[in-house]
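Q: Following this message is one structure expressed as structure tokens.
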Protein chains: 2
Amino acid sequence: MPIEITDVSVKDVRFPTSLELDGSDAMNEAPDYSCAYVVIKTNSEHSGHGMTFTCGRGTEICVTAVEALKPMLVGKTLESFTENMGAFWNYICGDDQLRWIGPDKGAIHLATAAVVNAVWDLWGRVEGKPLWKLICDMTAEEFVKCIPFRYVTDALTPKEALQILKKQEATKAERVAQLEREGIPAYTTSAGWLGYDDEKLRRLCRESRAKGWSVFKLKVGKDIEQDKYRARIMREEIGYDCRFMVDANQVWEVEEAIENMRQLAEFKPWFIEEPTSPDDVLGHARIARELAPLGIGVATGEHGMNRIFFKQLLQANGIAVCQPDSCRLGGVNEVLCVLLLCAKFGIPVCPHAGGVGLCEHIQHLVAIDYIALTADQTDRYAEFVDHLHEHFTDPVRMKDGSYVLPDKPGYSTQMKEDTIAPYIFPGGSYWKNE
Amino acid sequence: MPIEITDVSVKDVRFPTSLELDGSDAMNEAPDYSCAYVVIKTNSEHSGHGMTFTCGRGTEICVTAVEALKPMLVGKTLESFTENMGAFWNYICGDDQLRWIGPDKGAIHLATAAVVNAVWDLWGRVEGKPLWKLICDMTAEEFVKCIPFRYVTDALTPKEALQILKKQEATKAERVAQLEREGIPAYTTSAGWLGYDDEKLRRLCRESRAKGWSVFKLKVGKDIEQDKYRARIMREEIGYDCRFMVDANQVWEVEEAIENMRQLAEFKPWFIEEPTSPDDVLGHARIARELAPLGIGVATGEHGMNRIFFKQLLQANGIAVCQPDSCRLGGVNEVLCVLLLCAKFGIPVCPHAGGVGLCEHIQHLVAIDYIALTADQTDRYAEFVDHLHEHFTDPVRMKDGSYVLPDKPGYSTQMKEDTIAPYIFPGGSYWKNE
């Protein structure tokens with residue numbers, strides 16, 4: 001019997017993380033990690049779960065956008081989508097009236113991510129496979145059929161994508177076995193939030209090293225003298241055998257980024273993340289050119305709005321490391337397109353995580369990238385941030401600074417109805433009493 | 001007594017234009033021209049009116065986004081904003097939680113446009129000046145204070161902006177007098193919609209010529225043979241003394257755009273508008289390079305999401321003509337920034353119009369560009385489309401293919417409460433009976 005979508009519900013879930021300054025950085029001073037959380041109900045025992053991550057205010061706009069997409073799903077069968085997932089993606093993004101308020105960006109695209117990811121989660125559950133396995137089990141031809149190539153064919157054709165995938169096809173099983181054994185390499189952002197004081201920074205660095213972490217990221221961008229002071233603390237704690245990166249969260253002008261990174265060069269950062277506007281392809285390329293002689297790369301992507309942006313970043317040699325966001329790109333299909341683009345251009349992918357649920361998503365993406373696309377782990381890590389995992393029915397599991405490969409069906413994005421209930425905005429008990 | 005903002009209301013107004021295929025093109029097959037319409041009430045007799053243009057579905061998302069911005073306005077005084085309009089703009093765009101769902105793009109930025117434009121309209125009314133005059137009466141220093149320079153200083157510094165403005169300051173009055181006499185040069189898109197049949201296309205070309213129009217635009221992109229067929233019809237009707245442009249509304253891939261424009265070159269188009277994805281700076285630059293030997297320029301901008309996008313388009317030599325949208329950029333401040341960037345790079349501005357209310361906006365912008373920034377009318381036109389003007393209290397007035405310079409206070413964006421009432425969605429009488 002075909003699986004029919006009978007309802008799509010969406011909740012505005014907000015966690016009051018701003019109270020502790022978890023997640024604080026130079027741009028996002030006091031985020032309440034939140035999401036528009038979508039549940040797809042069907043005429044079967046299976047449901048699909050997807051979300052788009054937000055920072056508190058504005059979640060209600062994404063909720064309204066999900067409501068606008070809902071009529072495109074209800075009454076349809078899962079099979080009518082999965083027989084051609086590329087066509088499904090074009091259908092969800094293709095409403096000729098909704099398109100105006102994007103296209104492929106802003107609230108409507110964030111909502112697209114939630115809805116598209118929920119359909120993939122549903123598919124994984126129906127097939128009894130974790131998302132990474134659902135996708136890695138596809139033939140190259142089936143994989144390519146999922147990809148939205150519109151507007152990227154000048155950089156990547158379906159034929160080139162096929163070649164990339166076919167090259168790795170014969171050895172996928174080896175890499176699956178390896179990841180099952182060793183887990184997925186990761187780095188931590190949990191130690192270096194901007195709002196933490198010196199002592200907390202030192203303590204978290206020490207604790208993280210003890211837990212097996214060897215790649216660390218520090219938030220910078222408030223004041224260059226303070227940045228240097230904190231970089232010195234982190235390097236004192238982690239030494240120079242560990243990898244160290246800095247993240248400015250978009251606060252600098254192009255010239256300013258170059259200037260400031262010259263001052264931070266003595267701490268030998270691997271990369272500077274989000275040095276300037278997330279939309280500035282040419283600005284990133286300029287910064288990358290200027291910092292190359294210092295051995296510092298440029299990384300960006302958590303605000304990379306769509307595949308067309310990433311295509312250009314790659315064409316312009318703007319990045320050394322690519323950090324796509326699972327919930328800002330329009331869900332799995334567009335993420336896979338960006339992974340293919342990066343494979344073509346030889347740029348490592350370290351997807352953005354943190355917030356709420358992003359770690360749960362990206363473990364699958366890093367696995368897919370390694371197993372099916374690149375067969376290369378050089379400079380490739382899943383970001384890890386340690387909060388809010390307790391609200392998921394299948395949370396990430398960490399071991400010695402690596403993610404344990406997920407083994408439950410779906411995209412690991414189902415939330416616990418009972419623990420999120422107080423945080424439903426504005427009606428949940430937490431917010432009602434605020 | 002200070003003018004205090006006491007309320008901000010927002011309406012979802014949708015006109016059923018899809019019935020007649022007015023506004024139909026290769027991407028937007030059946031738009032219902034709509035807007036999120038904002039009215040700012042004050043403790044005085046003055047109110048401010050702003051909107052963001054939409055295509056039907058999705059307007060409710062922009063309405064929700066306006067509601068999210070409302071608390072930033074209510075209770076504030078107009079003077080607290082106008083004493084530093086640049087700071088005001090940063091304030092409206094700078095909420096650290098709302099920013100996540102942009103930044104500076106999508107629904108939240110469309111809402112920003114509506115709100116920011118409404119404040120400017122209010123200011124013009126309080127000063128008793130049309131918007132163009134309010135701005136052209138500013139000193140260069142006052143003008144520069146309104147501009148958001150964040151993320152564009154690598155292309156345009158405040159000092160360079162001052163120089164551009166000071167150069168024209170002494171002769172502004174001459175140009176005001178000239179525009180009062182001659183009006184604002186315009187071109188028409190009304191003849192060439194994609195959904196019109198041959199006979200309607202011929203008739204509208206003839207009628208437009210008779211009314212004094214000499215610059216015509218044709219929608220293309222459905223099928224290249226049909227495009228050539230329709231281009232031939234338009235050239236037959238308007239001859240080769242008139243200017244002719246084509247507009248593909250984003251439907252082509254980069255390579256495909258180059259290919260198709262080679263085929264359309266025989267009709268000698270001045271430019272190809274929106275040849276591909278509106279986000280593809282490098283794609284536009286590539287197309288521009290390939291088409292330059294054929295004497296065809298590239299134009300784009302109606303989907304140009306923010307000043308950072310336009311900065312890059314200019315840096316990459318991606319366009320011969322710039323077409324910013326008054327309601328997609330974040331209102332007057334960001335539009336002025338783009339006008340300054342274009343003046344710096346020597347690229348003519350022909351703002352996007354049509355839809356509902358866009359013509360009412362852009363007449364002011366073209367006047368400002370000529371009077372205060374460029375003192376040059378070469379290749380500079382205001383787009384004109386002839387529908388829905390009857391819903392405005394101060395509609396555009398056309399004379400011999402030119403806009404008559406507006407003379408009423410404000411931004412010409414106040415709608416008639418009685419004529420729009422039936423089109424309020426979903427409660428208005430038109431939609432209730434649908």
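Here's how to read the names in the structure tokens: chain A, B, ... by the order shown, residue numbers from 1 in each chain, ligand numbers from 1 in the order shown.
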Using only C-alpha atoms and a cut-off of 7 Å, which residues of chain A sit close to chain B? Please list them as a PyMOL selection string.
A: chain A and resi 27-29+31+54-58+61+64-65+68+96-98+100-102+105-107+151+153-154+253-255+277+279-280+282+308-309+312
Q: Store the residues picked out above in a file with C-alpha atoms, as an mmCIF file, in the first residue's frame.
A:
```cif
data_model
loop_
_atom_site.group_PDB
_atom_site.id
_atom_site.type_symbol
_atom_site.label_atom_id
_atom_site.label_comp_id
_atom_site.auth_asym_id
_atom_site.auth_seq_id
_atom_site.Cartn_x
_atom_site.Cartn_y
_atom_site.Cartn_z
ATOM 1 C CA MET A 27 27.421 38.628 15.589
ATOM 2 C CA ASN A 28 24.965 36.463 17.473
ATOM 3 C CA GLU A 29 25.177 38.034 20.876
ATOM 4 C CA PRO A 31 20.708 33.539 20.531
ATOM 5 C CA THR A 54 16.776 29.535 14.007
ATOM 6 C CA CYS A 55 17.910 31.861 16.789
ATOM 7 C CA GLY A 56 14.638 32.729 18.515
ATOM 8 C CA ARG A 57 12.728 35.691 17.084
ATOM 9 C CA GLY A 58 11.891 34.976 13.448
ATOM 10 C CA ILE A 61 8.217 33.534 10.088
ATOM 11 C CA THR A 64 4.383 30.592 8.381
ATOM 12 C CA ALA A 65 6.586 29.598 5.445
ATOM 13 C CA ALA A 68 2.693 27.839 2.863
ATOM 14 C CA ASP A 96 5.845 30.336 -9.193
ATOM 15 C CA GLN A 97 4.258 32.694 -6.657
ATOM 16 C CA LEU A 98 6.221 31.663 -3.547
ATOM 17 C CA TRP A 100 9.267 35.632 -5.595
ATOM 18 C CA ILE A 101 10.095 35.933 -1.898
ATOM 19 C CA GLY A 102 13.264 33.849 -2.441
ATOM 20 C CA LYS A 105 16.944 32.014 0.098
ATOM 21 C CA GLY A 106 15.519 33.466 3.299
ATOM 22 C CA ALA A 107 12.535 32.144 5.237
ATOM 23 C CA TYR A 151 22.090 27.035 -12.348
ATOM 24 C CA THR A 153 25.757 23.195 -14.937
ATOM 25 C CA ASP A 154 28.501 25.647 -15.894
ATOM 26 C CA GLU A 253 34.861 44.338 6.436
ATOM 27 C CA VAL A 254 37.022 42.746 3.726
ATOM 28 C CA GLU A 255 40.081 44.915 4.412
ATOM 29 C CA SER A 277 29.491 39.124 4.802
ATOM 30 C CA ASP A 279 27.134 36.808 0.608
ATOM 31 C CA ASP A 280 30.459 38.204 -0.501
ATOM 32 C CA LEU A 282 34.530 38.115 -4.240
ATOM 33 C CA ILE A 308 24.582 28.931 -6.612
ATOM 34 C CA PHE A 309 26.466 30.754 -3.877
ATOM 35 C CA GLN A 312 30.693 30.741 -7.134
#
```
Q: Going by DSSP on the backbone, which residues of stretch 222-414 of chain B come out as strand (DSSP E)? List them as a list in words.
A: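 Output for stretch 222-414 of chain B, strand (DSSP E) only: Arg243, Phe244, Met245, Val246, Asp247, Phe271, Ile272, Glu273, Gly297, Val298, Ala299, Thr300, Val321, Cys322, Ala382, Glu383, Phe384, Met398, Lys399, Ser402 and Tyr403 of chain B.
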Q: Would you mind telling me which residue in A:Leu156, A:Ala265, A:Val366, A:Met1 lies nearest to A:Asp227 when using only C-alpha atoms?
A: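 For A:Asp227, the nearest of the candidates is A:Ala265.
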Q: Excluding A:Gly346 and its own-chain neighbours fewer than 4 positions away, which residues fall within 9 Å of it when counting only C-alpha atoms? Please give them as an MDAnalysis selection string.
A: chainID A and resid 341:342 374
Q: Kindly indicate which residue among A:Ile272, A:Val404, A:Val13, A:Val215 lies nearest to A:Ala421, using only C-alpha atoms for the distances.
A: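 Closest candidate: A:Val13.
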Q: Residues within 10 Å of A:Gly75, please, as a list in words. Count only C-alpha atoms; anything in the same chain fewer than 5 positions from it doesn't count.
A: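 Final neighbour list, sorted by chain and number: Ile3, Glu4, Ile5, Thr6, Asp7 and Thr42 of chain A.
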Q: Just to be explicit: take each residue in the selection above, keep N, CA and C atoms, and write the result as a CSV table (one decimal), in the first residue's frame.
A:
```
chain,number,residue,atom,x,y,z
A,3,ILE,N,2.4,4.9,0.7
A,3,ILE,CA,2.4,5.7,2.0
A,3,ILE,C,1.9,7.1,1.6
A,4,GLU,N,0.8,7.5,2.2
A,4,GLU,CA,0.2,8.8,1.8
A,4,GLU,C,0.4,9.8,3.0
A,5,ILE,N,0.8,11.0,2.6
A,5,ILE,CA,1.0,12.0,3.6
A,5,ILE,C,-0.4,12.5,4.0
A,6,THR,N,-0.7,12.4,5.3
A,6,THR,CA,-2.0,12.8,5.8
A,6,THR,C,-2.0,14.2,6.5
A,7,ASP,N,-0.9,14.5,7.0
A,7,ASP,CA,-0.8,15.8,7.7
A,7,ASP,C,0.6,16.3,7.8
A,42,THR,N,1.6,10.1,8.2
A,42,THR,CA,1.2,9.3,7.1
A,42,THR,C,0.1,8.4,7.5
```
Q: Skipping near chain neighbours, those fewer than 3 positions away, what residues fall within 10 Å of A:Ile184 using only C-alpha atoms, listed as a list in words?
A: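 The neighbour list is Gln178, Leu179, Glu180, Arg181, Gln363, His364, Val366, Ala367, Tyr370, Gln377, Arg380, Tyr381, Ala382, Met398, Lys399, Gly401, Ser402, Tyr403, Val404, Leu405 and Pro406 of chain A.
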Q: Using the selection just defined, write its residues with N, CA and C atoms as a short mmCIF file (atom, residue, chain, number, x, y, z; two decimals), in the first residue's frame.
A:
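Saved file again.cif follows:
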```cif
data_model
loop_
_atom_site.label_atom_id
_atom_site.label_comp_id
_atom_site.auth_asym_id
_atom_site.auth_seq_id
_atom_site.Cartn_x
_atom_site.Cartn_y
_atom_site.Cartn_z
N GLN A 178 35.02 0.99 7.89
CA GLN A 178 35.96 1.85 8.62
C GLN A 178 35.23 2.82 9.55
N LEU A 179 34.19 3.47 9.04
CA LEU A 179 33.46 4.43 9.88
C LEU A 179 32.73 3.73 11.02
N GLU A 180 32.26 2.53 10.77
CA GLU A 180 31.61 1.77 11.84
C GLU A 180 32.63 1.48 12.96
N ARG A 181 33.85 1.25 12.56
CA ARG A 181 34.93 0.94 13.50
C ARG A 181 35.43 2.21 14.21
N GLN A 363 26.30 14.45 10.87
CA GLN A 363 27.02 13.17 10.93
C GLN A 363 26.69 12.34 9.69
N HIS A 364 25.45 12.40 9.24
CA HIS A 364 25.07 11.66 8.03
C HIS A 364 25.78 12.24 6.80
N VAL A 366 28.63 13.98 6.54
CA VAL A 366 30.08 13.70 6.47
C VAL A 366 30.31 12.25 6.08
N ALA A 367 29.45 11.36 6.57
CA ALA A 367 29.58 9.95 6.20
C ALA A 367 29.35 9.77 4.69
N TYR A 370 32.33 11.03 2.60
CA TYR A 370 33.50 10.14 2.62
C TYR A 370 33.21 8.83 1.88
N GLN A 377 39.71 11.58 3.87
CA GLN A 377 39.37 12.23 5.14
C GLN A 377 40.24 13.45 5.45
N ARG A 380 38.78 16.89 6.69
CA ARG A 380 37.32 16.76 6.72
C ARG A 380 36.86 16.35 8.11
N TYR A 381 36.09 17.20 8.75
CA TYR A 381 35.60 16.96 10.11
C TYR A 381 34.12 17.36 10.18
N ALA A 382 33.44 16.68 11.09
CA ALA A 382 32.09 17.12 11.46
C ALA A 382 32.23 18.04 12.66
N MET A 398 29.11 10.44 20.97
CA MET A 398 30.51 10.80 20.74
C MET A 398 31.43 9.80 21.43
N LYS A 399 32.57 9.53 20.79
CA LYS A 399 33.56 8.64 21.40
C LYS A 399 34.94 9.12 21.00
N GLY A 401 36.37 12.01 20.71
CA GLY A 401 36.43 13.09 19.74
C GLY A 401 35.94 12.73 18.36
N SER A 402 35.16 11.65 18.25
CA SER A 402 34.55 11.30 16.96
C SER A 402 33.06 11.03 17.17
N TYR A 403 32.30 11.20 16.09
CA TYR A 403 30.89 10.79 16.10
C TYR A 403 30.82 9.28 15.86
N VAL A 404 30.00 8.58 16.62
CA VAL A 404 29.70 7.19 16.31
C VAL A 404 28.71 7.18 15.13
N LEU A 405 29.00 6.36 14.14
CA LEU A 405 28.14 6.31 12.94
C LEU A 405 26.71 5.95 13.34
N PRO A 406 25.72 6.79 12.96
CA PRO A 406 24.35 6.50 13.38
C PRO A 406 23.83 5.21 12.72
#
```
Q: What gap, in Å, lies between atom CA of B:Glu207 and atom CA of B:Phe392?
A: 24.5 Å
Q: To one decimal in Å, tell me the separation between atom CA of B:Met245 and atom CA of B:His361.
A: 22.3 Å
Q: Using only C-alpha atoms, which residue out of A:Leu201, A:Ile238, A:Ile287, A:Val144 lies closest to A:Met261?
A: A:Ile287
Q: Give the alpha helix (DSSP H) residues of stretch 266-403 of chain A, as assigned by DSSP on the backbone, as a compact mmCIF listing (two decimals) with N, CA and C atoms, in the first residue's frame.
A:
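Listed below is the output, part-v8.txt:
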```txt
# COMPACT_ATOMS: atom_id res chain seq x y z
N VAL A 281 31.12 36.61 -2.19
CA VAL A 281 32.01 35.65 -2.86
C VAL A 281 33.35 36.31 -3.20
N LEU A 282 33.29 37.46 -3.80
CA LEU A 282 34.53 38.12 -4.24
C LEU A 282 35.34 38.60 -3.04
N GLY A 283 34.66 39.01 -1.99
CA GLY A 283 35.36 39.41 -0.77
C GLY A 283 36.12 38.24 -0.16
N HIS A 284 35.47 37.07 -0.10
CA HIS A 284 36.16 35.88 0.41
C HIS A 284 37.35 35.52 -0.47
N ALA A 285 37.16 35.65 -1.78
CA ALA A 285 38.27 35.31 -2.69
C ALA A 285 39.45 36.25 -2.47
N ARG A 286 39.13 37.50 -2.26
CA ARG A 286 40.18 38.50 -1.99
C ARG A 286 40.92 38.18 -0.69
N ILE A 287 40.18 37.90 0.36
CA ILE A 287 40.78 37.55 1.66
C ILE A 287 41.63 36.28 1.52
N ALA A 288 41.09 35.30 0.78
CA ALA A 288 41.83 34.03 0.60
C ALA A 288 43.17 34.29 -0.09
N ARG A 289 43.15 35.15 -1.10
CA ARG A 289 44.40 35.47 -1.82
C ARG A 289 45.42 36.14 -0.89
N GLU A 290 44.94 37.06 -0.07
CA GLU A 290 45.85 37.82 0.80
C GLU A 290 46.40 36.96 1.94
N LEU A 291 45.60 35.99 2.41
CA LEU A 291 46.03 35.20 3.57
C LEU A 291 46.80 33.95 3.18
N ARG A 307 22.98 26.58 -3.52
CA ARG A 307 24.04 25.94 -4.31
C ARG A 307 24.74 26.93 -5.24
N ILE A 308 24.01 27.98 -5.66
CA ILE A 308 24.58 28.93 -6.61
C ILE A 308 25.67 29.76 -5.93
N PHE A 309 25.45 30.07 -4.67
CA PHE A 309 26.47 30.75 -3.88
C PHE A 309 27.72 29.88 -3.75
N PHE A 310 27.54 28.62 -3.38
CA PHE A 310 28.69 27.74 -3.20
C PHE A 310 29.42 27.51 -4.52
N LYS A 311 28.67 27.38 -5.60
CA LYS A 311 29.30 27.23 -6.91
C LYS A 311 30.28 28.37 -7.16
N GLN A 312 29.84 29.57 -6.87
CA GLN A 312 30.69 30.74 -7.13
C GLN A 312 31.90 30.80 -6.20
N LEU A 313 31.66 30.47 -4.92
CA LEU A 313 32.78 30.44 -3.95
C LEU A 313 33.88 29.53 -4.47
N LEU A 314 33.48 28.40 -5.02
CA LEU A 314 34.45 27.43 -5.54
C LEU A 314 35.09 27.95 -6.82
N GLN A 315 34.28 28.49 -7.72
CA GLN A 315 34.83 29.02 -8.98
C GLN A 315 35.84 30.13 -8.73
N VAL A 332 18.33 17.94 1.99
CA VAL A 332 19.31 16.94 1.55
C VAL A 332 19.70 17.12 0.08
N ASN A 333 18.74 17.31 -0.79
CA ASN A 333 19.07 17.37 -2.23
C ASN A 333 20.09 18.45 -2.53
N GLU A 334 19.88 19.63 -2.01
CA GLU A 334 20.79 20.73 -2.34
C GLU A 334 22.13 20.55 -1.63
N VAL A 335 22.11 19.96 -0.42
CA VAL A 335 23.38 19.67 0.26
C VAL A 335 24.20 18.69 -0.59
N LEU A 336 23.56 17.66 -1.10
CA LEU A 336 24.28 16.68 -1.94
C LEU A 336 24.89 17.38 -3.16
N CYS A 337 24.16 18.34 -3.71
CA CYS A 337 24.69 19.10 -4.85
C CYS A 337 25.96 19.84 -4.45
N VAL A 338 25.95 20.45 -3.26
CA VAL A 338 27.13 21.18 -2.80
C VAL A 338 28.28 20.21 -2.50
N LEU A 339 27.98 19.05 -1.93
CA LEU A 339 29.03 18.06 -1.71
C LEU A 339 29.68 17.65 -3.03
N LEU A 340 28.87 17.47 -4.06
CA LEU A 340 29.40 17.10 -5.38
C LEU A 340 30.27 18.22 -5.95
N LEU A 341 29.79 19.45 -5.81
CA LEU A 341 30.59 20.60 -6.29
C LEU A 341 31.95 20.64 -5.59
N CYS A 342 31.93 20.43 -4.28
CA CYS A 342 33.20 20.45 -3.53
C CYS A 342 34.10 19.30 -3.96
N ALA A 343 33.52 18.13 -4.19
CA ALA A 343 34.32 16.99 -4.66
C ALA A 343 34.97 17.33 -6.00
N LYS A 344 34.18 17.96 -6.87
CA LYS A 344 34.71 18.33 -8.17
C LYS A 344 35.88 19.31 -8.04
N PHE A 345 35.75 20.29 -7.16
CA PHE A 345 36.77 21.33 -7.01
C PHE A 345 37.87 20.93 -6.00
N LEU A 358 21.64 20.37 14.54
CA LEU A 358 22.54 20.38 13.37
C LEU A 358 23.56 19.23 13.45
N CYS A 359 24.06 18.95 14.64
CA CYS A 359 25.00 17.83 14.77
C CYS A 359 24.33 16.53 14.34
N GLU A 360 23.06 16.37 14.74
CA GLU A 360 22.34 15.16 14.36
C GLU A 360 22.27 15.02 12.84
N HIS A 361 22.10 16.14 12.15
CA HIS A 361 22.06 16.08 10.68
C HIS A 361 23.43 15.75 10.08
N ILE A 362 24.45 16.49 10.50
CA ILE A 362 25.67 16.51 9.68
C ILE A 362 26.50 15.24 9.79
N GLN A 363 26.30 14.45 10.87
CA GLN A 363 27.02 13.17 10.93
C GLN A 363 26.69 12.34 9.69
N HIS A 364 25.45 12.40 9.24
CA HIS A 364 25.07 11.66 8.03
C HIS A 364 25.78 12.24 6.80
N LEU A 365 25.87 13.54 6.75
CA LEU A 365 26.42 14.20 5.56
C LEU A 365 27.91 13.92 5.41
N VAL A 366 28.63 13.98 6.54
CA VAL A 366 30.08 13.70 6.47
C VAL A 366 30.31 12.25 6.08
N ALA A 367 29.45 11.36 6.57
CA ALA A 367 29.58 9.95 6.20
C ALA A 367 29.35 9.77 4.69
N ILE A 368 28.31 10.40 4.17
CA ILE A 368 28.02 10.29 2.73
C ILE A 368 29.19 10.84 1.91
```
Q: Quick one: of A:His46, A:Arg232, A:Lys217, A:Lys222, who's nearest to A:Glu127, counting only C-alpha atoms?
A: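 That would be A:His46, the residue with the smallest distance to A:Glu127.
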Q: Between atom CA of A:Gln263 and atom CA of A:Leu218, what is the distance, to one decimal in Å?
A: 15.0 Å
Q: Do a neighbour search on B:Ser190 at 8 Å with only C-alpha atoms, toss out local chain neighbours closer than 3 positions, and write the hits as a list in words.
A: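 Everything that qualifies: Trp193, Leu204, Phe384, Val385 and Asp386 of chain B.
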Q: From the options B:Asn84, B:Thr378, B:Thr139, B:Ser326, which residue's atoms come nearest to B:Lys167, counting only C-alpha atoms?
A: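 So, comparing all the options, the nearest one is B:Thr139.
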Q: Skipping near chain neighbours, those fewer than 2 positions away, what residues fall within 12 Å of B:Trp431 using only C-alpha atoms, listed as an mmCIF file with N, CA and C atoms, in the first residue's frame?
A:
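Dumped everything to part-v6.cif:
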```cif
data_model
loop_
_atom_site.group_PDB
_atom_site.id
_atom_site.type_symbol
_atom_site.label_atom_id
_atom_site.label_comp_id
_atom_site.auth_asym_id
_atom_site.auth_seq_id
_atom_site.Cartn_x
_atom_site.Cartn_y
_atom_site.Cartn_z
ATOM 1 N N ASP B 12 -2.360 42.178 3.816
ATOM 2 C CA ASP B 12 -2.029 41.260 2.723
ATOM 3 C C ASP B 12 -2.986 41.586 1.576
ATOM 4 N N VAL B 13 -2.481 42.284 0.563
ATOM 5 C CA VAL B 13 -3.330 42.753 -0.538
ATOM 6 C C VAL B 13 -2.955 41.998 -1.814
ATOM 7 N N ARG B 14 -3.912 41.324 -2.417
ATOM 8 C CA ARG B 14 -3.618 40.517 -3.619
ATOM 9 C C ARG B 14 -4.591 40.853 -4.753
ATOM 10 N N PHE B 15 -4.029 41.237 -5.885
ATOM 11 C CA PHE B 15 -4.849 41.517 -7.064
ATOM 12 C C PHE B 15 -4.792 40.312 -8.003
ATOM 13 N N PRO B 16 -5.940 39.898 -8.532
ATOM 14 C CA PRO B 16 -5.984 38.664 -9.326
ATOM 15 C C PRO B 16 -5.490 38.862 -10.758
ATOM 16 N N ASP B 32 -0.209 36.756 -9.148
ATOM 17 C CA ASP B 32 -1.236 37.678 -8.665
ATOM 18 C C ASP B 32 -0.489 38.810 -7.983
ATOM 19 N N GLY B 56 1.570 36.979 -4.796
ATOM 20 C CA GLY B 56 0.403 36.212 -4.372
ATOM 21 C C GLY B 56 0.757 35.372 -3.166
ATOM 22 N N ILE B 420 -8.689 49.044 -2.317
ATOM 23 C CA ILE B 420 -7.966 47.800 -2.009
ATOM 24 C C ILE B 420 -8.775 46.861 -1.112
ATOM 25 N N ALA B 421 -9.803 47.391 -0.443
ATOM 26 C CA ALA B 421 -10.554 46.578 0.524
ATOM 27 C C ALA B 421 -11.005 45.217 -0.038
ATOM 28 N N PRO B 422 -11.546 45.176 -1.269
ATOM 29 C CA PRO B 422 -11.997 43.857 -1.767
ATOM 30 C C PRO B 422 -10.851 42.869 -1.953
ATOM 31 N N TYR B 423 -9.621 43.375 -2.067
ATOM 32 C CA TYR B 423 -8.488 42.509 -2.402
ATOM 33 C C TYR B 423 -7.648 42.110 -1.198
ATOM 34 N N ILE B 424 -8.097 42.503 -0.003
ATOM 35 C CA ILE B 424 -7.425 42.015 1.206
ATOM 36 C C ILE B 424 -7.600 40.494 1.245
ATOM 37 N N PHE B 425 -6.485 39.798 1.468
ATOM 38 C CA PHE B 425 -6.512 38.340 1.439
ATOM 39 C C PHE B 425 -6.428 37.790 2.863
ATOM 40 N N PRO B 426 -7.237 36.796 3.216
ATOM 41 C CA PRO B 426 -8.282 36.167 2.412
ATOM 42 C C PRO B 426 -9.677 36.733 2.663
ATOM 43 N N GLY B 427 -9.775 37.785 3.512
ATOM 44 C CA GLY B 427 -11.095 38.213 3.963
ATOM 45 C C GLY B 427 -11.848 39.169 3.059
ATOM 46 N N GLY B 428 -11.158 39.832 2.111
ATOM 47 C CA GLY B 428 -11.814 40.824 1.258
ATOM 48 C C GLY B 428 -12.881 40.214 0.371
ATOM 49 N N SER B 429 -13.818 41.044 -0.093
ATOM 50 C CA SER B 429 -14.981 40.499 -0.801
ATOM 51 C C SER B 429 -14.585 39.751 -2.070
ATOM 52 N N ASN B 433 -15.368 35.530 -2.252
ATOM 53 C CA ASN B 433 -16.303 34.973 -3.234
ATOM 54 C C ASN B 433 -15.635 34.083 -4.270
ATOM 55 N N GLU B 434 -14.309 33.976 -4.188
ATOM 56 C CA GLU B 434 -13.580 33.149 -5.186
ATOM 57 C C GLU B 434 -13.916 31.675 -5.019
#
```
Q: Measuring atom to atom with only C-alpha atoms, identify which of A:Gly304, A:Met234, A:Ala372, A:Val298 is nearest to A:Gly330.
A: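 The answer is A:Gly304, which sits nearest to A:Gly330.
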